[in-house]
Amino acid sequence: MKTPQKVDTINIAWRVLDAKYFGLPQQRKRLYLLAGGLDFYPEDVLFELHTNSFTDYPTFPLVREEDGHSFEVFRSYSDCLYSAYGTKWNGNAAAYNGSLFAVQDGRLRRLSPIECERLMGFPEGYTDISASTRTTRYQALGNSWAVPVVKWIGERLISETLPRLNITVEAYKLYAEHTKDGCYVFDFGREELVKFSDKTINCTSIPEEPRYKCLVDILSADAPKEIFISPVGCHGILRRKQERNMSINVRLEEVLTSISSQMSQEEIERRSRVQKRGKYSN
């Protein structure tokens with residue numbers, strides 16, 4: 001729901017925006033809320049006059065060659081980066097759709113902290129501060145906002161040329177609801193273009209001028225060796241997929257099978273940690 005409210009002393013508006021339409025190869029929907037006094041119109045900042053035609057998300061090549069290295073991803077954009085990516089990366093949805101994995105020179109790995117900084121729109125090395133570890137850098141990035149989205153809102157906040165949308169009770173009475181505490185709520189629905197009179201207001205998660213980037217373009221060859229996944233780790237992902245009867249990205253399954261086959265089943269079992277397995281295991 002993306003609905004401005006007007007009461008005696010404050011105006012509030014909110015809108016869900018998705019980072020994958022702001023030049024980041026990551027699906028990251030977040031609710032952004034602005035509030036201010038009666039002389040501030042947050043709906044003019046968050047909502048837009050709809051003048052462009054939306055198109056499908058573009059199709060990108062998932063393979064790239066650079067400086068003697070080959071890179072491959074399994075999707076054009078990733079799932080939402082989460083704070084536990086540093087420690088819990090092999091048993092969730094991203095482990096099976098491949099969106100937070102990459103292939104470098106035939107080896108499967110996770111994204112590095114620098115690549116995750118690019119994934120969020122931060123400068124490279126932004127989280128590489130004193131006493132930080134790889135895990136804490138992942139945590140900080142997974143808990144942060146997508147920088148280009150916040151920048152887009154900030155630029156609109158200080159702009160002096162934004163058109164007034166004039167969202168008033170009189171103009172939008174079909175959407176206005178008078179609440180018990182004396183304010184008006186305009187319910188523009190979920191992910192919608194609101195048409196009224198001679199204009200259409202964009203309330204979707206897609207800005208009027210979307211920008212796109214492919215996940216493979218944020219990869220670089222400086223990934224630390226610790227984030228590459230061993231044949232034992234690849235076998236573990238395949239085992240959990242089978243035990244839990246989960247679907248998996250077809251290309252990812254091919255890569256996992258190829259890497260795990262580099263080691264015998266006996267050696268994999270020998271190197272695996274001895275621990276009690278979960279309820280899905282035999």
# chains A, B, ... in the order shown; residues from 1 in each chain; ligands from 1
call {"tool": "select_by_dssp", "arguments": {"residues": "range 77-134 of chain A", "states": "helix (DSSP H, G or I)", "output": "list in words"}}
result
Ser83, Ala84, Tyr85, Gly86, Ala93, Ala94, Ala95, Tyr96, Asn97, Pro113, Ile114, Glu115, Cys116, Glu117, Arg118, Leu119, Met120 and Arg134 of chain A
call {"tool": "write_last_selection", "arguments": {"atoms": "C-alpha atoms", "output": "mmCIF file, in the first residue's frame"}}
result
data_model
loop_
_atom_site.group_PDB
_atom_site.id
_atom_site.type_symbol
_atom_site.label_atom_id
_atom_site.label_comp_id
_atom_site.auth_asym_id
_atom_site.auth_seq_id
_atom_site.Cartn_x
_atom_site.Cartn_y
_atom_site.Cartn_z
ATOM 1 C CA SER A 83 22.747 -10.257 6.735
ATOM 2 C CA ALA A 84 23.514 -13.946 7.422
ATOM 3 C CA TYR A 85 25.002 -14.484 3.949
ATOM 4 C CA GLY A 86 28.438 -14.859 5.523
ATOM 5 C CA ALA A 93 16.398 -20.537 -1.507
ATOM 6 C CA ALA A 94 19.420 -18.679 -2.889
ATOM 7 C CA ALA A 95 21.426 -21.898 -2.679
ATOM 8 C CA TYR A 96 19.035 -23.572 -5.099
ATOM 9 C CA ASN A 97 18.179 -20.803 -7.546
ATOM 10 C CA PRO A 113 32.350 -8.549 0.244
ATOM 11 C CA ILE A 114 33.518 -6.134 -2.465
ATOM 12 C CA GLU A 115 31.028 -7.624 -4.921
ATOM 13 C CA CYS A 116 28.288 -7.300 -2.300
ATOM 14 C CA GLU A 117 29.254 -3.643 -1.888
ATOM 15 C CA ARG A 118 28.721 -3.259 -5.631
ATOM 16 C CA LEU A 119 25.462 -5.177 -5.295
ATOM 17 C CA MET A 120 24.234 -2.553 -2.800
ATOM 18 C CA ARG A 134 34.287 -10.902 6.149
#
call {"tool": "closest_residue", "arguments": {"among": "A:Ile248, A:Leu162, A:Leu157, A:Leu81", "to": "Lys29 in chain A", "atoms": "only C-alpha atoms"}}
result
A:Leu81
call {"tool": "atom_distance", "arguments": {"atom1": "CA of Gly37 in chain A", "atom2": "CA of Gly154 in chain A"}}
result
17.5 Å
call {"tool": "residues_around", "arguments": {"residues": "Trp145 in chain A", "least_positions_apart": "6", "cutoff": "12 Å", "atoms": "only C-alpha atoms", "output": "PyMOL selection string"}}
result
chain A and resi 17-19+24+26+28-32+80-83+117+119-122+151
call {"tool": "closest_residue", "arguments": {"among": "A:Ile153, A:Leu111, A:Val232, A:Ile12", "to": "Gln262 in chain A", "atoms": "only C-alpha atoms"}}
result
A:Val232
call {"tool": "residues_around", "arguments": {"residues": "Asn52 in chain A", "least_positions_apart": "3", "cutoff": "12 Å", "atoms": "only C-alpha atoms", "output": "PDB file with N, CA and C atoms, in the first residue's frame"}}
result
ATOM      1  N   GLU A  48       5.329   9.564  -8.969  1.00  0.00           N
ATOM      2  CA  GLU A  48       5.715  10.244 -10.210  1.00  0.00           C
ATOM      3  C   GLU A  48       4.541  10.292 -11.175  1.00  0.00           C
ATOM      4  N   LEU A  49       4.548  11.305 -12.013  1.00  0.00           N
ATOM      5  CA  LEU A  49       3.621  11.298 -13.137  1.00  0.00           C
ATOM      6  C   LEU A  49       4.073  10.219 -14.110  1.00  0.00           C
ATOM      7  N   THR A  55       8.682  -1.691 -19.763  1.00  0.00           N
ATOM      8  CA  THR A  55       9.063  -2.833 -20.592  1.00  0.00           C
ATOM      9  C   THR A  55       9.510  -3.972 -19.685  1.00  0.00           C
ATOM     10  N   LEU A 193      -0.673   1.679 -11.191  1.00  0.00           N
ATOM     11  CA  LEU A 193      -0.707   2.983 -11.834  1.00  0.00           C
ATOM     12  C   LEU A 193      -2.096   3.554 -11.583  1.00  0.00           C
ATOM     13  N   THR A 200      -1.834  10.152 -14.939  1.00  0.00           N
ATOM     14  CA  THR A 200      -1.655   8.853 -14.299  1.00  0.00           C
ATOM     15  C   THR A 200      -0.478   8.956 -13.345  1.00  0.00           C
ATOM     16  N   ILE A 201      -0.648   8.458 -12.133  1.00  0.00           N
ATOM     17  CA  ILE A 201       0.401   8.516 -11.119  1.00  0.00           C
ATOM     18  C   ILE A 201       1.032   7.138 -10.970  1.00  0.00           C
ATOM     19  N   ASN A 202       2.353   7.110 -10.994  1.00  0.00           N
ATOM     20  CA  ASN A 202       3.112   5.866 -10.851  1.00  0.00           C
ATOM     21  C   ASN A 202       3.310   5.568  -9.372  1.00  0.00           C
ATOM     22  N   ILE A 206       8.601   0.425  -9.716  1.00  0.00           N
ATOM     23  CA  ILE A 206       9.476   0.753 -10.844  1.00  0.00           C
ATOM     24  C   ILE A 206       9.451   2.258 -11.078  1.00  0.00           C
ATOM     25  N   PRO A 207      10.603   2.940 -11.056  1.00  0.00           N
ATOM     26  CA  PRO A 207      10.599   4.376 -11.349  1.00  0.00           C
ATOM     27  C   PRO A 207      10.332   4.633 -12.826  1.00  0.00           C
ATOM     28  N   GLU A 208      10.039   5.865 -13.148  1.00  0.00           N
ATOM     29  CA  GLU A 208       9.733   6.224 -14.532  1.00  0.00           C
ATOM     30  C   GLU A 208      10.938   6.041 -15.455  1.00  0.00           C
ATOM     31  N   GLU A 209      12.136   6.173 -14.922  1.00  0.00           N
ATOM     32  CA  GLU A 209      13.348   5.992 -15.726  1.00  0.00           C
ATOM     33  C   GLU A 209      14.200   4.887 -15.101  1.00  0.00           C
ATOM     34  N   PRO A 210      13.799   3.629 -15.283  1.00  0.00           N
ATOM     35  CA  PRO A 210      14.536   2.518 -14.668  1.00  0.00           C
ATOM     36  C   PRO A 210      15.912   2.336 -15.298  1.00  0.00           C
TER      37      PRO A 210
END
call {"tool": "decode", "arguments": {"residues": "range 100-128 of chain A", "atoms": "N, CA and C atoms", "output": "PDB file, in the first residue's frame"}}
result
ATOM      1  N   LEU A 100      22.849 -16.093  -5.596  1.00  0.00           N
ATOM      2  CA  LEU A 100      23.954 -15.519  -4.829  1.00  0.00           C
ATOM      3  C   LEU A 100      25.218 -16.365  -4.953  1.00  0.00           C
ATOM      4  N   PHE A 101      25.309 -17.111  -6.054  1.00  0.00           N
ATOM      5  CA  PHE A 101      26.504 -17.859  -6.410  1.00  0.00           C
ATOM      6  C   PHE A 101      27.054 -17.331  -7.731  1.00  0.00           C
ATOM      7  N   ALA A 102      28.318 -17.624  -7.978  1.00  0.00           N
ATOM      8  CA  ALA A 102      28.941 -17.291  -9.259  1.00  0.00           C
ATOM      9  C   ALA A 102      29.940 -18.387  -9.598  1.00  0.00           C
ATOM     10  N   VAL A 103      30.239 -18.518 -10.872  1.00  0.00           N
ATOM     11  CA  VAL A 103      31.270 -19.445 -11.332  1.00  0.00           C
ATOM     12  C   VAL A 103      32.438 -18.625 -11.853  1.00  0.00           C
ATOM     13  N   GLN A 104      33.617 -18.891 -11.321  1.00  0.00           N
ATOM     14  CA  GLN A 104      34.828 -18.214 -11.779  1.00  0.00           C
ATOM     15  C   GLN A 104      35.838 -19.265 -12.205  1.00  0.00           C
ATOM     16  N   ASP A 105      36.194 -19.239 -13.466  1.00  0.00           N
ATOM     17  CA  ASP A 105      37.180 -20.178 -14.011  1.00  0.00           C
ATOM     18  C   ASP A 105      36.812 -21.627 -13.688  1.00  0.00           C
ATOM     19  N   GLY A 106      35.525 -21.938 -13.798  1.00  0.00           N
ATOM     20  CA  GLY A 106      35.062 -23.305 -13.600  1.00  0.00           C
ATOM     21  C   GLY A 106      34.836 -23.700 -12.158  1.00  0.00           C
ATOM     22  N   ARG A 107      35.048 -22.788 -11.224  1.00  0.00           N
ATOM     23  CA  ARG A 107      34.859 -23.081  -9.805  1.00  0.00           C
ATOM     24  C   ARG A 107      33.699 -22.255  -9.255  1.00  0.00           C
ATOM     25  N   LEU A 108      32.887 -22.895  -8.427  1.00  0.00           N
ATOM     26  CA  LEU A 108      31.726 -22.223  -7.844  1.00  0.00           C
ATOM     27  C   LEU A 108      32.148 -21.467  -6.588  1.00  0.00           C
ATOM     28  N   ARG A 109      31.582 -20.290  -6.412  1.00  0.00           N
ATOM     29  CA  ARG A 109      31.889 -19.516  -5.207  1.00  0.00           C
ATOM     30  C   ARG A 109      30.723 -18.612  -4.849  1.00  0.00           C
ATOM     31  N   ARG A 110      30.832 -18.061  -3.635  1.00  0.00           N
ATOM     32  CA  ARG A 110      29.897 -17.026  -3.216  1.00  0.00           C
ATOM     33  C   ARG A 110      30.380 -15.668  -3.722  1.00  0.00           C
ATOM     34  N   LEU A 111      29.581 -14.651  -3.508  1.00  0.00           N
ATOM     35  CA  LEU A 111      30.007 -13.296  -3.832  1.00  0.00           C
ATOM     36  C   LEU A 111      30.938 -12.796  -2.735  1.00  0.00           C
ATOM     37  N   SER A 112      31.943 -12.040  -3.120  1.00  0.00           N
ATOM     38  CA  SER A 112      32.880 -11.485  -2.150  1.00  0.00           C
ATOM     39  C   SER A 112      32.279 -10.247  -1.493  1.00  0.00           C
ATOM     40  N   PRO A 113      32.846  -9.784  -0.364  1.00  0.00           N
ATOM     41  CA  PRO A 113      32.350  -8.549   0.244  1.00  0.00           C
ATOM     42  C   PRO A 113      32.389  -7.358  -0.710  1.00  0.00           C
ATOM     43  N   ILE A 114      33.445  -7.248  -1.514  1.00  0.00           N
ATOM     44  CA  ILE A 114      33.518  -6.134  -2.465  1.00  0.00           C
ATOM     45  C   ILE A 114      32.389  -6.237  -3.485  1.00  0.00           C
ATOM     46  N   GLU A 115      32.118  -7.444  -3.959  1.00  0.00           N
ATOM     47  CA  GLU A 115      31.028  -7.624  -4.921  1.00  0.00           C
ATOM     48  C   GLU A 115      29.677  -7.321  -4.285  1.00  0.00           C
ATOM     49  N   CYS A 116      29.533  -7.637  -2.999  1.00  0.00           N
ATOM     50  CA  CYS A 116      28.288  -7.300  -2.300  1.00  0.00           C
ATOM     51  C   CYS A 116      28.167  -5.793  -2.102  1.00  0.00           C
ATOM     52  N   GLU A 117      29.296  -5.111  -1.931  1.00  0.00           N
ATOM     53  CA  GLU A 117      29.254  -3.643  -1.888  1.00  0.00           C
ATOM     54  C   GLU A 117      28.749  -3.100  -3.218  1.00  0.00           C
ATOM     55  N   ARG A 118      29.222  -3.670  -4.310  1.00  0.00           N
ATOM     56  CA  ARG A 118      28.721  -3.259  -5.631  1.00  0.00           C
ATOM     57  C   ARG A 118      27.240  -3.601  -5.770  1.00  0.00           C
ATOM     58  N   LEU A 119      26.853  -4.734  -5.209  1.00  0.00           N
ATOM     59  CA  LEU A 119      25.462  -5.177  -5.295  1.00  0.00           C
ATOM     60  C   LEU A 119      24.519  -4.219  -4.577  1.00  0.00           C
ATOM     61  N   MET A 120      25.036  -3.506  -3.560  1.00  0.00           N
ATOM     62  CA  MET A 120      24.234  -2.553  -2.800  1.00  0.00           C
ATOM     63  C   MET A 120      24.446  -1.112  -3.250  1.00  0.00           C
ATOM     64  N   GLY A 121      25.443  -0.883  -4.115  1.00  0.00           N
ATOM     65  CA  GLY A 121      25.700   0.470  -4.596  1.00  0.00           C
ATOM     66  C   GLY A 121      26.685   1.258  -3.764  1.00  0.00           C
ATOM     67  N   PHE A 122      27.418   0.594  -2.854  1.00  0.00           N
ATOM     68  CA  PHE A 122      28.421   1.277  -2.042  1.00  0.00           C
ATOM     69  C   PHE A 122      29.749   1.365  -2.788  1.00  0.00           C
ATOM     70  N   PRO A 123      30.605   2.315  -2.430  1.00  0.00           N
ATOM     71  CA  PRO A 123      31.961   2.337  -2.994  1.00  0.00           C
ATOM     72  C   PRO A 123      32.724   1.081  -2.578  1.00  0.00           C
ATOM     73  N   GLU A 124      33.623   0.641  -3.416  1.00  0.00           N
ATOM     74  CA  GLU A 124      34.413  -0.544  -3.095  1.00  0.00           C
ATOM     75  C   GLU A 124      35.260  -0.298  -1.851  1.00  0.00           C
ATOM     76  N   GLY A 125      35.240  -1.253  -0.932  1.00  0.00           N
ATOM     77  CA  GLY A 125      35.993  -1.132   0.306  1.00  0.00           C
ATOM     78  C   GLY A 125      35.286  -0.341   1.385  1.00  0.00           C
ATOM     79  N   TYR A 126      34.050   0.038   1.160  1.00  0.00           N
ATOM     80  CA  TYR A 126      33.324   0.891   2.112  1.00  0.00           C
ATOM     81  C   TYR A 126      33.191   0.236   3.485  1.00  0.00           C
ATOM     82  N   THR A 127      33.034  -1.089   3.518  1.00  0.00           N
ATOM     83  CA  THR A 127      32.864  -1.784   4.800  1.00  0.00           C
ATOM     84  C   THR A 127      34.168  -2.378   5.324  1.00  0.00           C
ATOM     85  N   ASP A 128      35.260  -2.154   4.614  1.00  0.00           N
ATOM     86  CA  ASP A 128      36.557  -2.706   5.023  1.00  0.00           C
ATOM     87  C   ASP A 128      37.212  -1.748   6.013  1.00  0.00           C
TER      88      ASP A 128
END
